[in-house]
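**Q** Here it is, the structure in full.
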Amino acid sequence: MSDQTALVTGASDGIGLEFCKILASRGYNLILVARREAKLNEIAIDLRQSHAVRCTVIAADLSLPQAAQILFQNTKDQRLQVDFLINNAGLLHNGPFCELSLIEQETMIAVNVLALTSLTHLFANDMATRKTGHILNVASLAAWTPIPSQNVYAATKAYVLAFSQALTDEMNAAGNGVIVSALCPGYTATKMMDNPDQGATLRIPANMMMSSKDVANQGIIGCLSGQHTVVPGISNKIGTAITHLAPKMTLAKLLGRFYRMNMN
């Protein structure tokens, strides 16, 4: 059995669940973090049986004050060493900024930005003392451009991308052996694409979406190989290239029109 342990937030479904399956198949022991403890327990049982790895379940709502610090202390109390941190937990709300609930948007910022930053700080320091470790922060293709009707979400992901890329340089300069990567998936077949709890639904053709498994696999491979930014899929790579060619407001107008036409 491997002595490497990965902690995955948002582990109960979607890309997070695929991260867990892939890491377990690679022999990583797992710390599964999400709000739904019963669901995590089911996943843990399946992964233990399928891959003979150790799985620890920690139920946590990362939108709550000090949630990251409590989670970090929980791992310490259980004497769990995290070698690979995947900050995957994230929230999305669609719709016009002034029509969406302010509380929901503040909660989105708390999870997408504050919790991710805090967990990265806590575990990066821990890894640096051991001179080894990997951190994969899940951003989005939305990080590369402003998106009307997803403006706060896109802004949080722009933060994740800029934060991760800057931290990569800091860690490299410090020579502490900690690898930091940002994963920027485009449209992915998860419940985020059709979830009434997140406001309006964006209708995207199936052929424009990647599978959660492919996104997770490319993210893990990219981080373990030392890539600072991982953009899965050829069409997504082309999309990021386009964002460097056109003015931001031009892109915002085009995307705003697209989202208003395809969101209901």
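Every chain in the structure tokens takes a letter, A first, then B, and so on in the order presented; its residues are numbered from 1, and the ligands are numbered from 1 following the presented order.
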If we count only C-alpha atoms, what is near Gln81 (chain A) at a cut-off of 8 Å, once residues fewer than 4 positions away on the same chain are taken out, given as an MDAnalysis selection string?

**A** chainID A and resid 5 75:76

**Q** Could you give me, as number ranges by chain, the residues within 8 Å of Tyr153 (chain A), counting only C-alpha atoms and dropping anything in the same chain fewer than 2 positions from it?

**A** A: 91-93, 108-109, 142, 150-151, 155-157

**Q** Could you write out that same residue set with C-alpha atoms as a PDB file, in the first residue's frame?

**A**
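That gives us out-v3.pdb:
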```
ATOM      1  CA  LEU A  91     -19.897  26.808  -6.165  1.00  0.00           C
ATOM      2  CA  LEU A  92     -21.534  28.327  -9.236  1.00  0.00           C
ATOM      3  CA  HIS A  93     -24.493  30.702  -9.563  1.00  0.00           C
ATOM      4  CA  MET A 108     -19.584  31.310  -3.469  1.00  0.00           C
ATOM      5  CA  ILE A 109     -16.691  33.691  -2.767  1.00  0.00           C
ATOM      6  CA  ALA A 142     -13.949  31.078 -17.103  1.00  0.00           C
ATOM      7  CA  GLN A 150     -21.482  34.383 -14.328  1.00  0.00           C
ATOM      8  CA  ASN A 151     -19.513  37.451 -13.318  1.00  0.00           C
ATOM      9  CA  ALA A 155     -13.962  36.438 -11.064  1.00  0.00           C
ATOM     10  CA  THR A 156     -13.395  33.832  -8.338  1.00  0.00           C
ATOM     11  CA  LYS A 157     -11.827  31.502 -10.875  1.00  0.00           C
TER      12      LYS A 157
END
```

**Q** In terms of the shortest atom-to-atom distance over only C-alpha atoms, which of A:Thr229, A:Ser149, A:Asn125, A:Gln218 is closest to Leu161 (chain A)?

**A**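 Among the listed residues, the smallest separation from Leu161 (chain A) belongs to A:Thr229.
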
**Q** Can you pull out every residue from region 62-260 of chain A that DSSP, working from the backbone, puts in strand (DSSP E or B), and format the result as an mmCIF file with C-alpha atoms, in the first residue's frame?

**A**
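Saved result, selection-v4.cif, follows:
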```
data_model
loop_
_atom_site.group_PDB
_atom_site.id
_atom_site.type_symbol
_atom_site.label_atom_id
_atom_site.label_comp_id
_atom_site.auth_asym_id
_atom_site.auth_seq_id
_atom_site.Cartn_x
_atom_site.Cartn_y
_atom_site.Cartn_z
ATOM 1 C CA PHE A 84 -1.351 15.869 -2.556
ATOM 2 C CA LEU A 85 -3.982 18.563 -1.927
ATOM 3 C CA ILE A 86 -6.728 19.015 -4.511
ATOM 4 C CA ASN A 87 -8.835 22.116 -3.932
ATOM 5 C CA ASN A 94 -25.890 31.747 -12.932
ATOM 6 C CA GLY A 133 4.141 18.006 -2.004
ATOM 7 C CA HIS A 134 1.630 18.734 -4.746
ATOM 8 C CA ILE A 135 -1.282 21.183 -4.772
ATOM 9 C CA LEU A 136 -3.858 21.263 -7.563
ATOM 10 C CA ASN A 137 -6.282 24.195 -7.499
ATOM 11 C CA VAL A 138 -9.325 23.831 -9.741
ATOM 12 C CA VAL A 178 6.112 22.043 -3.460
ATOM 13 C CA ILE A 179 4.434 21.880 -6.869
ATOM 14 C CA VAL A 180 1.381 24.099 -7.428
ATOM 15 C CA SER A 181 -0.853 23.738 -10.479
ATOM 16 C CA ALA A 182 -4.078 25.343 -11.687
ATOM 17 C CA LEU A 183 -6.573 23.209 -13.590
ATOM 18 C CA THR A 188 -17.724 19.538 -18.133
ATOM 19 C CA GLY A 199 -29.954 29.853 -10.575
ATOM 20 C CA LEU A 202 -26.926 27.142 -19.182
ATOM 21 C CA MET A 210 -15.657 16.933 -21.610
ATOM 22 C CA THR A 229 -1.365 25.521 -15.693
ATOM 23 C CA VAL A 230 -3.397 22.634 -17.077
#
```

**Q** Considering only C-alpha atoms, can you say which of A:Ala124, A:Ala166, A:Asn41, A:Gly233 comes closest to Asn217 (chain A)?

**A**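 Looking at the shortest contact to Asn217 (chain A), the residue is A:Gly233.
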
**Q** I'd like to know which of A:Asp61, A:Val215, A:Met127, A:Pro96 is closest to Gly175 (chain A), using only C-alpha atoms.

**A**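 Nearest to Gly175 (chain A): A:Met127.
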
**Q** Please identify all polymer residues within 12 Å of region 63-72 of chain A, counting only C-alpha atoms, omitting same-chain residues fewer than 5 positions from it, and present them as a PyMOL selection string.

**A** chain A and resi 7-10+31-35+57-58+77-82+85+87+89-91+103-126

**Q** For the residues in the current selection, export C-alpha atoms as a PDB file, in the first residue's frame.

**A**
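And here is the file that came out, part36.pdb:
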```
ATOM      1  CA  LEU A   7      -6.960  15.184   0.267  1.00  0.00           C
ATOM      2  CA  VAL A   8      -9.764  16.045  -2.163  1.00  0.00           C
ATOM      3  CA  THR A   9     -12.411  18.658  -1.407  1.00  0.00           C
ATOM      4  CA  GLY A  10     -15.747  18.427  -3.162  1.00  0.00           C
ATOM      5  CA  ILE A  31      -9.071  11.982   2.668  1.00  0.00           C
ATOM      6  CA  LEU A  32     -12.531  12.651   1.266  1.00  0.00           C
ATOM      7  CA  VAL A  33     -14.017  16.053   2.087  1.00  0.00           C
ATOM      8  CA  ALA A  34     -17.514  17.326   1.275  1.00  0.00           C
ATOM      9  CA  ARG A  35     -20.713  18.246   3.074  1.00  0.00           C
ATOM     10  CA  VAL A  57     -14.038  10.758   5.573  1.00  0.00           C
ATOM     11  CA  ILE A  58     -14.254  14.315   6.891  1.00  0.00           C
ATOM     12  CA  ASP A  77      -5.510  15.321  15.168  1.00  0.00           C
ATOM     13  CA  GLN A  78      -5.808  12.113  13.134  1.00  0.00           C
ATOM     14  CA  ARG A  79      -2.086  12.216  12.282  1.00  0.00           C
ATOM     15  CA  LEU A  80      -2.793  12.315   8.568  1.00  0.00           C
ATOM     16  CA  GLN A  81      -0.029  13.653   6.347  1.00  0.00           C
ATOM     17  CA  VAL A  82      -1.291  15.230   3.133  1.00  0.00           C
ATOM     18  CA  LEU A  85      -3.982  18.563  -1.927  1.00  0.00           C
ATOM     19  CA  ASN A  87      -8.835  22.116  -3.932  1.00  0.00           C
ATOM     20  CA  ALA A  89     -14.778  22.271  -4.002  1.00  0.00           C
ATOM     21  CA  GLY A  90     -16.538  25.126  -5.735  1.00  0.00           C
ATOM     22  CA  LEU A  91     -19.897  26.808  -6.165  1.00  0.00           C
ATOM     23  CA  ILE A 103     -25.863  35.729   0.439  1.00  0.00           C
ATOM     24  CA  GLU A 104     -25.414  33.002  -2.191  1.00  0.00           C
ATOM     25  CA  GLN A 105     -22.780  35.052  -3.988  1.00  0.00           C
ATOM     26  CA  GLU A 106     -20.930  35.733  -0.742  1.00  0.00           C
ATOM     27  CA  THR A 107     -21.020  32.014  -0.016  1.00  0.00           C
ATOM     28  CA  MET A 108     -19.584  31.310  -3.469  1.00  0.00           C
ATOM     29  CA  ILE A 109     -16.691  33.691  -2.767  1.00  0.00           C
ATOM     30  CA  ALA A 110     -16.124  32.056   0.624  1.00  0.00           C
ATOM     31  CA  VAL A 111     -15.758  28.586  -0.915  1.00  0.00           C
ATOM     32  CA  ASN A 112     -14.103  29.405  -4.244  1.00  0.00           C
ATOM     33  CA  VAL A 113     -11.629  31.951  -2.890  1.00  0.00           C
ATOM     34  CA  LEU A 114     -11.286  32.067   0.890  1.00  0.00           C
ATOM     35  CA  ALA A 115     -11.413  28.353   1.702  1.00  0.00           C
ATOM     36  CA  LEU A 116      -9.120  27.487  -1.211  1.00  0.00           C
ATOM     37  CA  THR A 117      -6.605  30.150  -0.171  1.00  0.00           C
ATOM     38  CA  SER A 118      -6.643  29.092   3.470  1.00  0.00           C
ATOM     39  CA  LEU A 119      -6.247  25.387   2.723  1.00  0.00           C
ATOM     40  CA  THR A 120      -3.413  26.124   0.312  1.00  0.00           C
ATOM     41  CA  HIS A 121      -1.621  28.249   2.930  1.00  0.00           C
ATOM     42  CA  LEU A 122      -1.986  25.672   5.693  1.00  0.00           C
ATOM     43  CA  PHE A 123      -0.972  22.616   3.695  1.00  0.00           C
ATOM     44  CA  ALA A 124       1.714  24.391   1.609  1.00  0.00           C
ATOM     45  CA  ASN A 125       3.537  25.361   4.789  1.00  0.00           C
ATOM     46  CA  ASP A 126       3.247  21.808   6.031  1.00  0.00           C
TER      47      ASP A 126
END
```

**Q** Could you write out, as a PyMOL selection string, all the residues of region 21-185 of chain A that DSSP marks as alpha helix (DSSP H)?

**A** chain A and resi 21-25+37-51+67-77+102-109+116-130+151-174

**Q** Gly186 (chain A): which residues within 7 Å, counting only C-alpha atoms, same-chain residues fewer than 2 positions away excluded, as a list in words?

**A**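 These residues fall inside the cut-off: Ser140, Leu141, Cys184, Thr188 and Asn236 of chain A.
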
**Q** Suppose we keep N, CA and C atoms; can you now write the selection as an mmCIF file, in the first residue's frame?

**A**
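What landed in selection_18.cif:
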```
data_model
loop_
_atom_site.group_PDB
_atom_site.id
_atom_site.type_symbol
_atom_site.label_atom_id
_atom_site.label_comp_id
_atom_site.auth_asym_id
_atom_site.auth_seq_id
_atom_site.Cartn_x
_atom_site.Cartn_y
_atom_site.Cartn_z
ATOM 1 N N SER A 140 -10.908 27.352 -13.831
ATOM 2 C CA SER A 140 -11.907 27.139 -14.879
ATOM 3 C C SER A 140 -11.460 27.870 -16.127
ATOM 4 N N LEU A 141 -11.999 27.477 -17.261
ATOM 5 C CA LEU A 141 -11.797 28.253 -18.482
ATOM 6 C C LEU A 141 -12.354 29.661 -18.299
ATOM 7 N N CYS A 184 -7.788 24.245 -15.421
ATOM 8 C CA CYS A 184 -8.782 25.134 -16.020
ATOM 9 C C CYS A 184 -9.682 24.378 -16.998
ATOM 10 N N THR A 188 -17.949 20.920 -18.560
ATOM 11 C CA THR A 188 -17.724 19.538 -18.133
ATOM 12 C C THR A 188 -19.048 18.921 -17.723
ATOM 13 N N ASN A 236 -10.501 23.732 -25.595
ATOM 14 C CA ASN A 236 -10.279 24.644 -24.472
ATOM 15 C C ASN A 236 -8.947 25.356 -24.594
#
```

**Q** Between A:Ile147, A:Leu100, A:Ile43, A:Met209, which has the minimum distance to Tyr259 (chain A) (counting only C-alpha atoms)?

**A**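 Of A:Ile147, A:Leu100, A:Ile43, A:Met209, the one nearest Tyr259 (chain A), counting only C-alpha atoms, is A:Ile147.
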
**Q** Excluding Ser212 (chain A) and any residue of its chain fewer than 6 positions from it, enumerate the residues within 12 Å of it, using only C-alpha atoms, and give them as JSON, numbers by chain.

**A** {"A": [13, 14, 15, 16, 17, 18, 19, 20, 21, 22, 185, 186, 187, 188, 189, 190, 191, 192, 193, 218, 219, 232, 233]}

**Q** Please identify all polymer residues within 9 Å of Thr240 (chain A), counting only C-alpha atoms, omitting same-chain residues fewer than 2 positions from it, and present them as a list in words.

**A** Leu141, Trp144, Thr145, Val231, Ser235, Asn236, Lys237, Ile238, Ile242, Thr243 and His244 of chain A

**Q** Include N, CA and C atoms and write out the residues we just selected as a tab-separated table (two decimals), in the first residue's frame.

**A**
```tsv
chain	number	residue	atom	x	y	z
A	141	LEU	N	-12.00	27.48	-17.26
A	141	LEU	CA	-11.80	28.25	-18.48
A	141	LEU	C	-12.35	29.66	-18.30
A	144	TRP	N	-10.24	33.02	-17.61
A	144	TRP	CA	-9.47	33.77	-18.60
A	144	TRP	C	-10.20	34.99	-19.14
A	145	THR	N	-11.48	35.16	-18.80
A	145	THR	CA	-12.23	36.28	-19.37
A	145	THR	C	-13.44	36.62	-18.51
A	231	VAL	N	-4.79	23.05	-19.02
A	231	VAL	CA	-6.04	23.32	-19.74
A	231	VAL	C	-6.39	22.05	-20.51
A	235	SER	N	-10.04	22.03	-27.74
A	235	SER	CA	-10.90	23.20	-27.93
A	235	SER	C	-10.73	24.21	-26.80
A	236	ASN	N	-10.50	23.73	-25.59
A	236	ASN	CA	-10.28	24.64	-24.47
A	236	ASN	C	-8.95	25.36	-24.59
A	237	LYS	N	-7.94	24.66	-25.07
A	237	LYS	CA	-6.64	25.30	-25.31
A	237	LYS	C	-6.77	26.41	-26.35
A	238	ILE	N	-7.55	26.14	-27.40
A	238	ILE	CA	-7.79	27.16	-28.42
A	238	ILE	C	-8.54	28.34	-27.81
A	242	ILE	N	-7.48	32.36	-27.68
A	242	ILE	CA	-8.31	33.44	-28.21
A	242	ILE	C	-8.44	34.58	-27.21
A	243	THR	N	-8.48	34.24	-25.92
A	243	THR	CA	-8.64	35.29	-24.91
A	243	THR	C	-7.46	36.25	-24.88
A	244	HIS	N	-6.31	35.83	-25.42
A	244	HIS	CA	-5.14	36.71	-25.46
A	244	HIS	C	-5.14	37.61	-26.69
```
